Amino acid sequence: MAIGTLALIIAEFTSFFQIISYPLIPILEWMQIPEAHLAAPALLVGFADMFLPAILASGIESELTRFVVGAVSLTQLIYLSEIGVMLIRSKIPVNFWQLLALFLIRTAITLPIVVLIAHFIIF
């Protein structure tokens with residue numbers, strides 16, 4: 001609970017997640033995601049806590065953007081709560097940075113799939 005509270009404080013009262021999400025904004029704009037500047041931090045904050053993407057996405061007006069953030073954060077939640085825990089408990093030597101790298105790779109794979117589903121099937 002303390003880690004989630006600390007992550008919420010960092011997300012709400014500092015510009016840390018906005019700064020680290022700057023490289024993601026042009027990619028989201030290229031994918032034609034409305035309000036990309038609000039969606040980018042919400043996509044990266046899923047590593048810190050599972051409920052933070054929903055909190056950060058609450059101010060987004062576009063349904064398409066909220067869908068993308070929600071779907072990507074759902075896959076991030078599944079990764080961290082199930083597979084991430086399994087990796088840590090297994091005999092596979094995985095450190096924090098490797099877990100973070102796997103999280104980012106998984107997010108990079110999931111994002112285009114969710115955007116395609118959002119543009120062509122749902123919206």
# chains A, B, ... in the order shown; residues from 1 in each chain; ligands from 1
>>> residues_around(residues="region 66-76 of chain A", least_positions_apart="2", cutoff="7 Å", atoms="only C-alpha atoms", output="list in words")
Ala39, Ala42, Leu43, Gly46, Pro53, Ala57, Ile60, Ser62, Glu63, Leu64, Ile78, Tyr79, Leu80, Thr107, Thr110, Leu111, Val114, Val115 and Ala118 of chain A
>>> write_last_selection(atoms="all heavy atoms", output="compact mmCIF listing (two decimals), in the first residue's frame")
# COMPACT_ATOMS: atom_id res chain seq x y z
N ALA A 39 -2.64 10.98 -22.55
CA ALA A 39 -2.60 9.52 -22.57
C ALA A 39 -1.20 8.98 -22.32
O ALA A 39 -1.05 7.91 -21.72
CB ALA A 39 -3.12 9.00 -23.91
N ALA A 42 -0.33 8.25 -18.70
CA ALA A 42 -1.20 7.19 -18.19
C ALA A 42 -0.76 5.81 -18.68
O ALA A 42 -0.98 4.81 -18.00
CB ALA A 42 -2.65 7.46 -18.60
N LEU A 43 -0.12 5.77 -19.84
CA LEU A 43 0.36 4.48 -20.36
C LEU A 43 1.61 3.99 -19.63
O LEU A 43 1.83 2.80 -19.54
CB LEU A 43 0.63 4.59 -21.86
CG LEU A 43 -0.59 4.78 -22.75
CD1 LEU A 43 -0.15 5.02 -24.18
CD2 LEU A 43 -1.50 3.57 -22.67
N GLY A 46 1.45 2.67 -15.33
CA GLY A 46 0.96 1.35 -14.95
C GLY A 46 2.00 0.49 -14.26
O GLY A 46 1.65 -0.43 -13.53
N PRO A 53 -3.32 4.42 -13.91
CA PRO A 53 -3.75 4.81 -15.26
C PRO A 53 -5.20 5.30 -15.30
O PRO A 53 -5.52 6.25 -15.99
CB PRO A 53 -3.58 3.53 -16.09
CG PRO A 53 -2.52 2.78 -15.39
CD PRO A 53 -2.72 3.08 -13.92
N ALA A 57 -6.26 9.00 -16.41
CA ALA A 57 -7.10 9.07 -17.60
C ALA A 57 -8.48 9.63 -17.31
O ALA A 57 -9.28 9.79 -18.23
CB ALA A 57 -7.22 7.69 -18.23
N ILE A 60 -9.52 12.69 -19.43
CA ILE A 60 -9.50 12.56 -20.89
C ILE A 60 -10.94 12.53 -21.40
O ILE A 60 -11.76 11.75 -20.93
CB ILE A 60 -8.73 11.30 -21.32
CG1 ILE A 60 -7.27 11.41 -20.88
CG2 ILE A 60 -8.84 11.08 -22.81
CD1 ILE A 60 -6.45 10.17 -21.14
N SER A 62 -11.87 12.08 -24.79
CA SER A 62 -12.05 11.19 -25.93
C SER A 62 -12.28 9.75 -25.47
O SER A 62 -11.50 9.19 -24.71
CB SER A 62 -10.81 11.24 -26.83
OG SER A 62 -10.84 10.22 -27.78
N GLU A 63 -13.35 9.15 -25.97
CA GLU A 63 -13.64 7.75 -25.63
C GLU A 63 -12.59 6.82 -26.21
O GLU A 63 -12.23 5.82 -25.58
CB GLU A 63 -15.02 7.36 -26.15
CG GLU A 63 -16.16 7.99 -25.38
CD GLU A 63 -17.50 7.51 -25.88
OE1 GLU A 63 -17.56 6.50 -26.61
OE2 GLU A 63 -18.50 8.18 -25.55
N LEU A 64 -12.11 7.12 -27.40
CA LEU A 64 -11.09 6.30 -28.03
C LEU A 64 -9.83 6.28 -27.18
O LEU A 64 -9.25 5.22 -26.93
CB LEU A 64 -10.78 6.83 -29.43
CG LEU A 64 -9.80 6.00 -30.24
CD1 LEU A 64 -10.33 5.79 -31.63
CD2 LEU A 64 -8.45 6.63 -30.28
N ILE A 78 -2.29 -7.41 -15.93
CA ILE A 78 -2.15 -8.86 -16.04
C ILE A 78 -0.67 -9.25 -16.01
O ILE A 78 -0.27 -10.20 -15.34
CB ILE A 78 -2.83 -9.39 -17.31
CG1 ILE A 78 -4.35 -9.23 -17.19
CG2 ILE A 78 -2.46 -10.85 -17.57
CD1 ILE A 78 -5.10 -9.47 -18.47
N TYR A 79 0.15 -8.46 -16.70
CA TYR A 79 1.58 -8.77 -16.72
C TYR A 79 2.19 -8.66 -15.32
O TYR A 79 2.86 -9.57 -14.85
CB TYR A 79 2.33 -7.85 -17.68
CG TYR A 79 3.83 -7.94 -17.51
CD1 TYR A 79 4.51 -9.09 -17.88
CD2 TYR A 79 4.55 -6.92 -16.92
CE1 TYR A 79 5.87 -9.20 -17.71
CE2 TYR A 79 5.91 -7.01 -16.74
CZ TYR A 79 6.56 -8.16 -17.13
OH TYR A 79 7.91 -8.26 -16.94
N LEU A 80 1.95 -7.55 -14.66
CA LEU A 80 2.61 -7.34 -13.37
C LEU A 80 2.04 -8.20 -12.26
O LEU A 80 2.77 -8.64 -11.38
CB LEU A 80 2.52 -5.86 -12.98
CG LEU A 80 3.47 -4.97 -13.73
CD1 LEU A 80 3.28 -3.51 -13.32
CD2 LEU A 80 4.90 -5.37 -13.50
N THR A 107 4.36 -3.42 -23.33
CA THR A 107 3.52 -2.26 -23.62
C THR A 107 3.68 -1.83 -25.08
O THR A 107 2.70 -1.49 -25.75
CB THR A 107 3.87 -1.10 -22.68
OG1 THR A 107 3.66 -1.52 -21.33
CG2 THR A 107 3.03 0.12 -22.95
N THR A 110 1.68 -4.29 -27.16
CA THR A 110 0.25 -4.20 -26.94
C THR A 110 -0.36 -2.93 -27.54
O THR A 110 -1.47 -2.97 -28.07
CB THR A 110 -0.06 -4.24 -25.42
OG1 THR A 110 0.50 -5.43 -24.88
CG2 THR A 110 -1.54 -4.20 -25.15
N LEU A 111 0.35 -1.82 -27.45
CA LEU A 111 -0.20 -0.54 -27.87
C LEU A 111 -0.68 -0.52 -29.33
O LEU A 111 -1.83 -0.13 -29.59
CB LEU A 111 0.80 0.58 -27.61
CG LEU A 111 0.34 1.99 -27.94
CD1 LEU A 111 -0.87 2.38 -27.11
CD2 LEU A 111 1.48 2.97 -27.74
N VAL A 114 -3.92 -2.63 -29.67
CA VAL A 114 -5.09 -1.99 -29.08
C VAL A 114 -5.54 -0.80 -29.93
O VAL A 114 -6.74 -0.58 -30.11
CB VAL A 114 -4.78 -1.56 -27.63
CG1 VAL A 114 -5.86 -0.67 -27.07
CG2 VAL A 114 -4.60 -2.77 -26.75
N VAL A 115 -4.60 -0.04 -30.47
CA VAL A 115 -4.96 1.11 -31.32
C VAL A 115 -5.66 0.63 -32.59
O VAL A 115 -6.66 1.24 -33.02
CB VAL A 115 -3.71 1.95 -31.64
CG1 VAL A 115 -3.99 2.96 -32.73
CG2 VAL A 115 -3.22 2.65 -30.39
N ALA A 118 -9.11 -0.32 -31.63
CA ALA A 118 -9.90 0.88 -31.33
C ALA A 118 -10.32 1.61 -32.61
O ALA A 118 -11.47 2.04 -32.72
CB ALA A 118 -9.10 1.82 -30.44
>>> closest_residue(among="A:Ile25, A:Ala7, A:Leu87, A:Ile33", to="Met50 (chain A)", atoms="only C-alpha atoms")
A:Ala7
>>> select_by_dssp(residues="chain A", states="alpha helix (DSSP H)", output="ChimeraX atom specification")
/A:2-13,16-20,24-30,36-44,52-56,63-78,84-89,96-117
>>> closest_residue(among="A:Leu24, A:Leu77, A:Val45, A:Leu38", to="Gly59 (chain A)", atoms="only C-alpha atoms")
A:Leu38
